[in-house]
Every structure is written in structure tokens, then in C-alpha cells.
Amino acid sequence: MVRWVVFDYGEVISRRTAALPGIAALLDADPEEFEAAYFAERKAYDWGCPDLDYWRSVAARLGRQVDADLSERLTSADVEGWLETDPDSRRLLDDLHEQGVALALLSNAPASFGRAVEGTDWARLFKHLVFSGDLKLAKPDARIYRALLETLAAEPADCLFFDDRQENVDAAREAGLGAELWSGAEAARPLLQAHLTR
């Protein structure tokens, strides 16, 4: 019987950020070149790299420099861009919460983003919020699923996990969790119904 439903955040609960062109402008960089640099350095950021180190690494790929003040502005714009939630996903979370389903979040995201999420109105829907940047571990590393289970005081079979990346779903299954590839809130509803009524 599933006791916990665990959601990824980016492009599951959230929409894909629309902030990248604006962030590129802060660095006076070509948007396409900036986006490539942004994602090339993202793994280290998700694994706990400090904000300033991340933005300096991105900027170095673009021949730019970043000081502490600019890093704060870049971080603020980046966080704001990822905070926009998908309305269908939000309705699903509200419905599950009203049904008394225990919810947790497991997100590859920097610690600064985690602190911003904790201040949102929807964070209250979750009993636990787990961010890779805090753990210095990220999906699909098996250790992050063990850390999640320790946080929840749960067994793998107690959990159903949704993620939009197949490699993360596969890793969760290898760790013993029930896991499904996210393809939208409406597609998730029958899957949830099936798992929660077993």
C-alpha cells in the first residue's frame, strides 16, 4: 500500500522557466549561448555548488565575470523563473492534500531555491521537502533515494515517485520505489488512483 506520493519539482510541479533570456541579458550574453552554459554547469549546482561559484562557472564559458552582487541578482532571477507552478499540477496537489495523502518533494535543485520554495503558499501541502543542494546528492544517484526514505521513515514499497526524466524513474525503481514517468497531471490521476487503492 502506498503511504507516500513523492514528486519531482522542475517541469512536474513547475513550468519550464521562461526567465533565461532575461538572465542572459544580465550577463550581456547571447541567449542561446547562455542557455547552453547555464545547463552545462547545472549538475554541479544541483549537487550543492554555491551560487557564486555556479554563476562564475557559467560566466566563464561566456567570457564574462560575476561578482557577489551580480550573483545575487542572477540567483534571484533564476529562482523566480522556476517558481511558476503548472495550474493542473497545483490542482492535483490540492486534491491529494484534501484526500489526506502524504506528499513529499524530491528535487534536484540548489539550496537557494529550496529556501525560496519553503516560503511559498503551496509548500504547506508537503510533509517533507528534500532538495539535492542541501544533501549534496542528486538524482539519479542511489544515495539520494536512501536519504529520502530515511527522511520519510519509510520503506521503498511505501512510496510512489513521479519524475519527468526516465533515468530518475529507473533509478527510483532500482531502489525499490514505485515510480512513474511524468506526462502531466491528468495522466497521473489514474495512476495515483490505481496505486492508492491497492
# chains A, B, ... in the order shown; residues from 1 in each chain; ligands from 1
call {"tool": "select_by_dssp", "arguments": {"residues": "segment 4-100 of chain A", "states": "strand (DSSP E or B)", "output": "MDAnalysis selection string"}}
result
chainID A and resid 4:7 14 85
call {"tool": "write_last_selection", "arguments": {"atoms": "N, CA and C atoms", "output": "PDB file, in the first residue's frame"}}
result
ATOM      1  N   TRP A   4       3.211   7.171   0.733  1.00  0.00           N
ATOM      2  CA  TRP A   4       3.769   8.467   0.349  1.00  0.00           C
ATOM      3  C   TRP A   4       3.730   8.629  -1.169  1.00  0.00           C
ATOM      4  N   VAL A   5       3.323   9.795  -1.614  1.00  0.00           N
ATOM      5  CA  VAL A   5       3.466  10.157  -3.023  1.00  0.00           C
ATOM      6  C   VAL A   5       4.524  11.256  -3.086  1.00  0.00           C
ATOM      7  N   VAL A   6       5.565  10.994  -3.870  1.00  0.00           N
ATOM      8  CA  VAL A   6       6.731  11.877  -3.935  1.00  0.00           C
ATOM      9  C   VAL A   6       6.816  12.464  -5.343  1.00  0.00           C
ATOM     10  N   PHE A   7       6.951  13.781  -5.406  1.00  0.00           N
ATOM     11  CA  PHE A   7       7.015  14.467  -6.691  1.00  0.00           C
ATOM     12  C   PHE A   7       8.380  15.121  -6.890  1.00  0.00           C
ATOM     13  N   SER A  14       6.356  22.480 -11.542  1.00  0.00           N
ATOM     14  CA  SER A  14       6.579  23.785 -12.170  1.00  0.00           C
ATOM     15  C   SER A  14       6.457  23.708 -13.685  1.00  0.00           C
ATOM     16  N   THR A  85       4.300  27.632 -10.921  1.00  0.00           N
ATOM     17  CA  THR A  85       3.759  26.275 -10.913  1.00  0.00           C
ATOM     18  C   THR A  85       2.765  26.075 -12.051  1.00  0.00           C
TER      19      THR A  85
END
call {"tool": "residues_around", "arguments": {"residues": "Glu32 of chain A", "least_positions_apart": "5", "cutoff": "10 Å", "atoms": "only C-alpha atoms", "output": "ChimeraX atom specification"}}
result
/A:20-21,24,37-38
call {"tool": "residues_around", "arguments": {"residues": "Trp122 of chain A", "least_positions_apart": "4", "cutoff": "9 Å", "atoms": "only C-alpha atoms", "output": "number ranges by chain"}}
result
A: 90, 93-94, 117-118, 126
call {"tool": "write_last_selection", "arguments": {"atoms": "N, CA and C atoms", "output": "mmCIF file, in the first residue's frame"}}
result
data_model
loop_
_atom_site.group_PDB
_atom_site.id
_atom_site.type_symbol
_atom_site.label_atom_id
_atom_site.label_comp_id
_atom_site.auth_asym_id
_atom_site.auth_seq_id
_atom_site.Cartn_x
_atom_site.Cartn_y
_atom_site.Cartn_z
ATOM 1 N N ARG A 90 -0.850 21.940 -9.738
ATOM 2 C CA ARG A 90 -1.253 22.518 -8.455
ATOM 3 C C ARG A 90 -2.626 21.995 -8.027
ATOM 4 N N LEU A 93 -2.137 18.515 -6.639
ATOM 5 C CA LEU A 93 -1.579 18.543 -5.288
ATOM 6 C C LEU A 93 -2.640 18.928 -4.259
ATOM 7 N N ASP A 94 -3.448 19.930 -4.594
ATOM 8 C CA ASP A 94 -4.517 20.342 -3.681
ATOM 9 C C ASP A 94 -5.488 19.188 -3.443
ATOM 10 N N VAL A 117 11.367 27.948 -2.027
ATOM 11 C CA VAL A 117 10.185 27.080 -2.050
ATOM 12 C C VAL A 117 9.543 27.003 -0.673
ATOM 13 N N GLU A 118 10.358 26.955 0.361
ATOM 14 C CA GLU A 118 9.820 26.843 1.716
ATOM 15 C C GLU A 118 8.913 28.015 2.070
ATOM 16 N N PHE A 126 3.089 19.752 1.511
ATOM 17 C CA PHE A 126 4.075 18.687 1.620
ATOM 18 C C PHE A 126 4.532 18.494 3.064
#
call {"tool": "closest_atom_pairs", "arguments": {"of": "segment 103-142 of chain A", "to": "segment 156-162 of chain A", "cutoff": "12 Å", "atoms": "only C-alpha atoms", "output": "Markdown table"}}
result
| residue | atom | partner | partner_atom | distance |
| --- | --- | --- | --- | --- |
| A:Leu103 | CA | A:Cys159 | CA | 9.7 |
| A:Ala104 | CA | A:Phe161 | CA | 9.2 |
| A:Leu105 | CA | A:Phe161 | CA | 9.2 |
| A:Leu106 | CA | A:Phe161 | CA | 8.7 |
| A:Ser107 | CA | A:Phe162 | CA | 10.7 |
call {"tool": "write_last_selection", "arguments": {"atoms": "N, CA, C and O atoms", "output": "PDB file, in the first residue's frame"}}
result
ATOM      1  N   LEU A 103       2.352  13.780   1.140  1.00  0.00           N
ATOM      2  CA  LEU A 103       3.125  14.225  -0.013  1.00  0.00           C
ATOM      3  C   LEU A 103       4.539  14.612   0.403  1.00  0.00           C
ATOM      4  O   LEU A 103       4.758  15.189   1.470  1.00  0.00           O
ATOM      5  N   ALA A 104       5.493  14.304  -0.484  1.00  0.00           N
ATOM      6  CA  ALA A 104       6.881  14.731  -0.300  1.00  0.00           C
ATOM      7  C   ALA A 104       7.417  15.213  -1.637  1.00  0.00           C
ATOM      8  O   ALA A 104       6.921  14.833  -2.702  1.00  0.00           O
ATOM      9  N   LEU A 105       8.432  16.047  -1.570  1.00  0.00           N
ATOM     10  CA  LEU A 105       9.084  16.582  -2.757  1.00  0.00           C
ATOM     11  C   LEU A 105      10.535  16.122  -2.768  1.00  0.00           C
ATOM     12  O   LEU A 105      11.218  16.194  -1.747  1.00  0.00           O
ATOM     13  N   LEU A 106      10.994  15.643  -3.915  1.00  0.00           N
ATOM     14  CA  LEU A 106      12.403  15.274  -4.089  1.00  0.00           C
ATOM     15  C   LEU A 106      12.883  15.946  -5.364  1.00  0.00           C
ATOM     16  O   LEU A 106      12.547  15.510  -6.471  1.00  0.00           O
ATOM     17  N   SER A 107      13.670  17.003  -5.213  1.00  0.00           N
ATOM     18  CA  SER A 107      14.032  17.832  -6.354  1.00  0.00           C
ATOM     19  C   SER A 107      15.535  18.007  -6.467  1.00  0.00           C
ATOM     20  O   SER A 107      16.222  18.269  -5.474  1.00  0.00           O
TER      21      SER A 107
END
call {"tool": "closest_residue", "arguments": {"among": "A:Leu125, A:Ile13, A:Leu191, A:Val169", "to": "Asp88 of chain A", "atoms": "only C-alpha atoms"}}
result
A:Ile13
call {"tool": "select_by_dssp", "arguments": {"residues": "segment 118-165 of chain A", "states": "helix (DSSP H, G or I)", "output": "list of chain:residue names"}}
result
A:Glu118, A:Ala123, A:Arg124, A:Leu125, A:Ser132, A:Gly133, A:Asp134, A:Leu135, A:Ala142, A:Arg143, A:Ile144, A:Tyr145, A:Arg146, A:Ala147, A:Leu148, A:Leu149, A:Glu150, A:Thr151, A:Leu152, A:Pro156, A:Ala157, A:Asp158
call {"tool": "atom_distance", "arguments": {"atom1": "atom CA of Arg189 of chain A", "atom2": "atom CA of Asp163 of chain A"}}
result
14.4 Å
